[in-house]
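**Student:** Pasting a structure here, questions to come.
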Amino acid sequence: MIKEIINFPYLEQDAIIDKQLVLPEHVTYADKEFWAQDYDNRDPYFENRLLLHFPAIRNRMGYDLTNGTGVAFVVEDIVTNLGKEGFLPYDSEFFQMYDYHYMRAIATLWAWRRSIDKPTEQKRNRCIAFSIALENGFNGGEKDGFGSKLHRDASIALDKILEREGPASPYRSTQILYALFDFCHLTAKHD
């Protein structure tokens, strides 16, 4: 039986980063595309309705990764930092060909840095399961197979919320982001 995500944090309004993050000078086409996407999942006429509010989650993670500077984390930063943390970093051309991996990479790195768990293979796998489940949450459901039982459970639990509630607001999307992090057995730093 799949567990459900039930613990959603109360958030102050400043948890929602609604301003566009600044792009540094060393950007790629993939960076410009990723950080400019402003899909509003509440638009009934948008052809591929997203279930989670993409800009709210993207900006929250990007803002956190740069320690609140407001300068976007770009492919060069992703590749360097994933490599430092022991993940397989792809090169910038990869992100231009497979743009959905951009969100996965940002989410993996965000989860890794947010977690105070010891840097083990188990933590690495949990961060990866979190990032792929989150990416599935933008489009609804599993898209390319389940990499692990945790990824499967997290994706299904997320789908249950989105089926019940429909497209999530920026506030609710951010709550779901943190709840999914906890659901993936990751321990957050306390601010």
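A note on labels: chains of the structure tokens are A, B, ... as shown, every chain counts residues from 1, and ligands are counted from 1 in their shown order.
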At a cut-off of 10 Å, using only C-alpha atoms, what residues contact Asp18 (chain A)? Leave out same-chain residues fewer than 6 positions from it and give the result as a VMD selection string.

**Tutor:** chain A and resid 55 to 57 59 to 60 170

**Student:** Looking only at the backbone, which of the residues in chain A does DSSP tag as alpha helix (DSSP H), as an NGL selection string?

**Tutor:** :A and (29-36 or 54-65 or 75-84 or 92-97 or 100-114 or 121-139 or 149-165 or 170-183)

**Student:** Pick out the closest residue to Leu158 (chain A) from this set: A:Ala30, A:Cys127, A:Leu186, A:Ile6. Count only C-alpha atoms.

**Tutor:**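 Smallest distance to Leu158 (chain A) is found for A:Ile6.
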
**Student:** Leaving out Glu4 (chain A) and any residue of its chain fewer than 5 positions from it, which residues lie within 12 Å of it when counting only C-alpha atoms, given as a PyMOL selection string?

**Tutor:** chain A and resi 153-162+164+176+179-180+182-184

**Student:** Dump all heavy atoms for the selected residues as a CSV table (one decimal), in the first residue's frame?

**Tutor:**
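selection-v6.csv was written with the following content:
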```csv
chain,number,residue,atom,x,y,z
A,153,ASP,N,6.7,5.3,-5.0
A,153,ASP,CA,5.8,5.7,-3.9
A,153,ASP,C,5.6,7.2,-3.9
A,153,ASP,O,4.5,7.7,-3.7
A,153,ASP,CB,6.4,5.3,-2.5
A,153,ASP,CG,6.3,3.8,-2.3
A,153,ASP,OD1,5.7,3.1,-3.2
A,153,ASP,OD2,6.9,3.3,-1.3
A,154,ALA,N,6.7,8.0,-4.0
A,154,ALA,CA,6.6,9.5,-4.0
A,154,ALA,C,5.8,10.0,-5.2
A,154,ALA,O,5.0,10.9,-5.1
A,154,ALA,CB,8.0,10.1,-4.0
A,155,SER,N,6.0,9.4,-6.4
A,155,SER,CA,5.2,9.8,-7.6
A,155,SER,C,3.7,9.5,-7.4
A,155,SER,O,2.9,10.4,-7.7
A,155,SER,CB,5.8,9.1,-8.8
A,155,SER,OG,7.1,9.6,-9.1
A,156,ILE,N,3.4,8.3,-6.9
A,156,ILE,CA,2.0,8.0,-6.7
A,156,ILE,C,1.4,8.8,-5.6
A,156,ILE,O,0.2,9.3,-5.8
A,156,ILE,CB,1.9,6.5,-6.4
A,156,ILE,CG1,2.3,5.6,-7.7
A,156,ILE,CG2,0.5,6.1,-6.0
A,156,ILE,CD1,2.4,4.2,-7.5
A,157,ALA,N,2.1,9.1,-4.5
A,157,ALA,CA,1.5,9.9,-3.5
A,157,ALA,C,1.3,11.3,-4.0
A,157,ALA,O,0.3,12.0,-3.6
A,157,ALA,CB,2.5,9.9,-2.3
A,158,LEU,N,2.2,11.8,-4.8
A,158,LEU,CA,2.1,13.2,-5.3
A,158,LEU,C,0.9,13.2,-6.3
A,158,LEU,O,0.1,14.1,-6.3
A,158,LEU,CB,3.3,13.6,-6.1
A,158,LEU,CG,3.5,15.0,-6.6
A,158,LEU,CD1,3.3,16.0,-5.5
A,158,LEU,CD2,4.8,15.2,-7.2
A,159,ASP,N,0.7,12.2,-7.1
A,159,ASP,CA,-0.4,12.1,-8.0
A,159,ASP,C,-1.7,12.1,-7.3
A,159,ASP,O,-2.7,12.7,-7.7
A,159,ASP,CB,-0.3,10.9,-8.9
A,159,ASP,CG,0.6,11.0,-10.1
A,159,ASP,OD1,1.0,12.2,-10.4
A,159,ASP,OD2,0.9,10.0,-10.7
A,160,LYS,N,-1.8,11.4,-6.1
A,160,LYS,CA,-3.0,11.4,-5.3
A,160,LYS,C,-3.4,12.8,-4.9
A,160,LYS,O,-4.6,13.1,-5.0
A,160,LYS,CB,-2.8,10.5,-4.1
A,160,LYS,CG,-2.8,9.0,-4.4
A,160,LYS,CD,-2.7,8.2,-3.1
A,160,LYS,CE,-2.7,6.7,-3.4
A,160,LYS,NZ,-2.6,6.0,-2.1
A,161,ILE,N,-2.5,13.6,-4.5
A,161,ILE,CA,-2.8,14.9,-4.1
A,161,ILE,C,-3.3,15.7,-5.3
A,161,ILE,O,-4.3,16.4,-5.2
A,161,ILE,CB,-1.5,15.7,-3.5
A,161,ILE,CG1,-1.0,15.0,-2.3
A,161,ILE,CG2,-1.8,17.2,-3.3
A,161,ILE,CD1,0.4,15.5,-1.9
A,162,LEU,N,-2.6,15.6,-6.4
A,162,LEU,CA,-3.0,16.4,-7.5
A,162,LEU,C,-4.3,16.0,-8.2
A,162,LEU,O,-5.0,16.8,-8.7
A,162,LEU,CB,-1.8,16.4,-8.5
A,162,LEU,CG,-0.5,17.0,-7.9
A,162,LEU,CD1,0.7,16.8,-8.8
A,162,LEU,CD2,-0.7,18.5,-7.6
A,164,ARG,N,-6.8,14.8,-6.4
A,164,ARG,CA,-7.8,15.2,-5.5
A,164,ARG,C,-8.0,16.7,-5.5
A,164,ARG,O,-9.1,17.2,-5.5
A,164,ARG,CB,-7.4,14.8,-4.1
A,164,ARG,CG,-8.4,15.0,-3.0
A,164,ARG,CD,-8.0,14.4,-1.6
A,164,ARG,NE,-6.6,14.8,-1.2
A,164,ARG,CZ,-5.6,13.9,-1.0
A,164,ARG,NH1,-5.7,12.7,-1.3
A,164,ARG,NH2,-4.4,14.4,-0.6
A,176,ILE,N,3.8,21.6,-1.1
A,176,ILE,CA,4.0,20.2,-1.6
A,176,ILE,C,5.5,19.9,-1.8
A,176,ILE,O,5.9,18.8,-1.5
A,176,ILE,CB,3.2,20.0,-2.9
A,176,ILE,CG1,1.7,20.0,-2.6
A,176,ILE,CG2,3.6,18.7,-3.6
A,176,ILE,CD1,0.8,20.0,-3.8
A,179,ALA,N,6.8,19.1,1.6
A,179,ALA,CA,6.2,17.8,2.0
A,179,ALA,C,6.8,16.6,1.3
A,179,ALA,O,7.0,15.6,1.9
A,179,ALA,CB,4.7,17.9,1.9
A,180,LEU,N,7.0,16.8,0.0
A,180,LEU,CA,7.6,15.7,-0.8
A,180,LEU,C,9.0,15.4,-0.4
A,180,LEU,O,9.5,14.3,-0.3
A,180,LEU,CB,7.6,16.1,-2.3
A,180,LEU,CG,8.2,15.0,-3.3
A,180,LEU,CD1,7.3,13.7,-3.2
A,180,LEU,CD2,8.2,15.6,-4.7
A,182,ASP,N,10.2,15.8,2.7
A,182,ASP,CA,10.0,15.0,3.9
A,182,ASP,C,9.6,13.5,3.6
A,182,ASP,O,10.1,12.6,4.2
A,182,ASP,CB,9.0,15.6,4.9
A,182,ASP,CG,9.5,16.9,5.5
A,182,ASP,OD1,10.7,17.2,5.5
A,182,ASP,OD2,8.7,17.7,5.9
A,183,PHE,N,8.7,13.4,2.7
A,183,PHE,CA,8.2,12.1,2.3
A,183,PHE,C,9.3,11.2,1.8
A,183,PHE,O,9.3,10.0,2.0
A,183,PHE,CB,7.1,12.2,1.2
A,183,PHE,CG,6.4,10.9,0.8
A,183,PHE,CD1,5.3,10.5,1.6
A,183,PHE,CD2,6.9,10.2,-0.2
A,183,PHE,CE1,4.7,9.3,1.2
A,183,PHE,CE2,6.2,9.0,-0.6
A,183,PHE,CZ,5.2,8.5,0.1
A,184,CYS,N,10.3,11.8,1.2
A,184,CYS,CA,11.4,11.0,0.6
A,184,CYS,C,12.5,10.7,1.7
A,184,CYS,O,13.6,10.4,1.3
A,184,CYS,CB,12.0,11.7,-0.6
A,184,CYS,SG,10.9,11.7,-2.0
```

**Student:** Hey, which bits of region 109-189 of chain A sit within 12 Å of region 62-73 of chain A, and for each residue what's the closest pair of atoms and how far apart in Å (one decimal), counting only C-alpha atoms, rows by chain and increasing number, as CSV?

**Tutor:**
```
residue,atom,partner,partner_atom,distance
A:Leu109,CA,A:Leu65,CA,8.0
A:Trp110,CA,A:Leu65,CA,6.3
A:Ala111,CA,A:Leu65,CA,9.8
A:Trp112,CA,A:Leu65,CA,10.4
A:Arg113,CA,A:Leu65,CA,7.9
A:Arg114,CA,A:Asp64,CA,8.7
```

**Student:** Go ahead and write the selection's residues with N, CA and C atoms as a JSON list (two decimals), in the first residue's frame.

**Tutor:**
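Generated file (selection37.json):
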```json
[["chain", "number", "residue", "atom", "x", "y", "z"],
["A", 109, "LEU", "N", 20.17, 18.73, -6.57],
["A", 109, "LEU", "CA", 21.15, 19.53, -5.84],
["A", 109, "LEU", "C", 20.50, 20.26, -4.66],
["A", 110, "TRP", "N", 19.30, 20.80, -4.86],
["A", 110, "TRP", "CA", 18.57, 21.49, -3.79],
["A", 110, "TRP", "C", 18.32, 20.52, -2.63],
["A", 111, "ALA", "N", 17.83, 19.32, -2.94],
["A", 111, "ALA", "CA", 17.54, 18.33, -1.90],
["A", 111, "ALA", "C", 18.82, 17.92, -1.17],
["A", 112, "TRP", "N", 19.90, 17.73, -1.90],
["A", 112, "TRP", "CA", 21.17, 17.33, -1.31],
["A", 112, "TRP", "C", 21.66, 18.39, -0.32],
["A", 113, "ARG", "N", 21.59, 19.64, -0.74],
["A", 113, "ARG", "CA", 22.07, 20.72, 0.12],
["A", 113, "ARG", "C", 21.13, 21.03, 1.27],
["A", 114, "ARG", "N", 19.85, 20.85, 1.08],
["A", 114, "ARG", "CA", 18.87, 21.13, 2.12],
["A", 114, "ARG", "C", 18.91, 20.08, 3.23]]
```

**Student:** Excluding Leu82 (chain A) and its own-chain neighbours fewer than 4 positions away, which residues fall within 10 Å of it when counting only C-alpha atoms? Please give them as a PyMOL selection string.

**Tutor:** chain A and resi 77-78+86-90+105-106+108-109+112

**Student:** Keeping N, CA, C and O atoms, export the residues of the selection given above as a PDB file, in the first residue's frame.

**Tutor:**
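Result saved to part36.pdb:
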```pdb
ATOM      1  N   ASP A  77      26.919  26.253 -13.168  1.00  0.00           N
ATOM      2  CA  ASP A  77      26.874  26.041 -11.719  1.00  0.00           C
ATOM      3  C   ASP A  77      26.388  24.637 -11.384  1.00  0.00           C
ATOM      4  O   ASP A  77      26.901  23.985 -10.469  1.00  0.00           O
ATOM      5  N   ILE A  78      25.380  24.174 -12.111  1.00  0.00           N
ATOM      6  CA  ILE A  78      24.830  22.839 -11.870  1.00  0.00           C
ATOM      7  C   ILE A  78      25.895  21.775 -12.106  1.00  0.00           C
ATOM      8  O   ILE A  78      26.121  20.904 -11.264  1.00  0.00           O
ATOM      9  N   GLY A  86      29.481  14.574  -5.882  1.00  0.00           N
ATOM     10  CA  GLY A  86      29.591  13.159  -6.212  1.00  0.00           C
ATOM     11  C   GLY A  86      28.525  12.619  -7.142  1.00  0.00           C
ATOM     12  O   GLY A  86      28.417  11.406  -7.333  1.00  0.00           O
ATOM     13  N   PHE A  87      27.729  13.492  -7.742  1.00  0.00           N
ATOM     14  CA  PHE A  87      26.733  13.071  -8.720  1.00  0.00           C
ATOM     15  C   PHE A  87      27.360  13.101 -10.111  1.00  0.00           C
ATOM     16  O   PHE A  87      28.319  13.836 -10.351  1.00  0.00           O
ATOM     17  N   LEU A  88      26.789  12.340 -11.024  1.00  0.00           N
ATOM     18  CA  LEU A  88      27.250  12.362 -12.408  1.00  0.00           C
ATOM     19  C   LEU A  88      26.749  13.642 -13.060  1.00  0.00           C
ATOM     20  O   LEU A  88      25.540  13.792 -13.265  1.00  0.00           O
ATOM     21  N   PRO A  89      27.644  14.578 -13.348  1.00  0.00           N
ATOM     22  CA  PRO A  89      27.181  15.821 -13.997  1.00  0.00           C
ATOM     23  C   PRO A  89      27.243  15.681 -15.516  1.00  0.00           C
ATOM     24  O   PRO A  89      28.208  15.174 -16.068  1.00  0.00           O
ATOM     25  N   TYR A  90      26.180  16.090 -16.164  1.00  0.00           N
ATOM     26  CA  TYR A  90      26.170  16.133 -17.623  1.00  0.00           C
ATOM     27  C   TYR A  90      26.780  17.456 -18.062  1.00  0.00           C
ATOM     28  O   TYR A  90      26.872  18.400 -17.281  1.00  0.00           O
ATOM     29  N   ALA A 105      18.056  18.166 -12.206  1.00  0.00           N
ATOM     30  CA  ALA A 105      19.385  18.487 -11.666  1.00  0.00           C
ATOM     31  C   ALA A 105      19.287  19.538 -10.561  1.00  0.00           C
ATOM     32  O   ALA A 105      19.913  19.406  -9.508  1.00  0.00           O
ATOM     33  N   ILE A 106      18.494  20.584 -10.806  1.00  0.00           N
ATOM     34  CA  ILE A 106      18.299  21.631  -9.788  1.00  0.00           C
ATOM     35  C   ILE A 106      17.676  21.023  -8.530  1.00  0.00           C
ATOM     36  O   ILE A 106      18.104  21.282  -7.410  1.00  0.00           O
ATOM     37  N   THR A 108      17.673  17.858  -7.509  1.00  0.00           N
ATOM     38  CA  THR A 108      18.606  16.934  -6.849  1.00  0.00           C
ATOM     39  C   THR A 108      19.592  17.709  -5.991  1.00  0.00           C
ATOM     40  O   THR A 108      19.818  17.381  -4.824  1.00  0.00           O
ATOM     41  N   LEU A 109      20.171  18.728  -6.567  1.00  0.00           N
ATOM     42  CA  LEU A 109      21.153  19.534  -5.835  1.00  0.00           C
ATOM     43  C   LEU A 109      20.503  20.264  -4.661  1.00  0.00           C
ATOM     44  O   LEU A 109      21.066  20.327  -3.565  1.00  0.00           O
ATOM     45  N   TRP A 112      19.899  17.732  -1.904  1.00  0.00           N
ATOM     46  CA  TRP A 112      21.175  17.333  -1.312  1.00  0.00           C
ATOM     47  C   TRP A 112      21.665  18.393  -0.324  1.00  0.00           C
ATOM     48  O   TRP A 112      22.069  18.092   0.786  1.00  0.00           O
TER      49      TRP A 112
END
```

**Student:** Please list as JSON, numbers by chain every residue within 7 Å of Ile116 (chain A), counting only C-alpha atoms and excluding residues in the same chain fewer than 3 positions away.

**Tutor:** {"A": [187, 188, 189]}

**Student:** Find the residue from A:Thr28, A:Ser169, A:Ser131, A:Thr80 that sits nearest to His151 (chain A); use only C-alpha atoms when measuring.

**Tutor:**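 Of A:Thr28, A:Ser169, A:Ser131, A:Thr80, the one nearest His151 (chain A), counting only C-alpha atoms, is A:Ser131.
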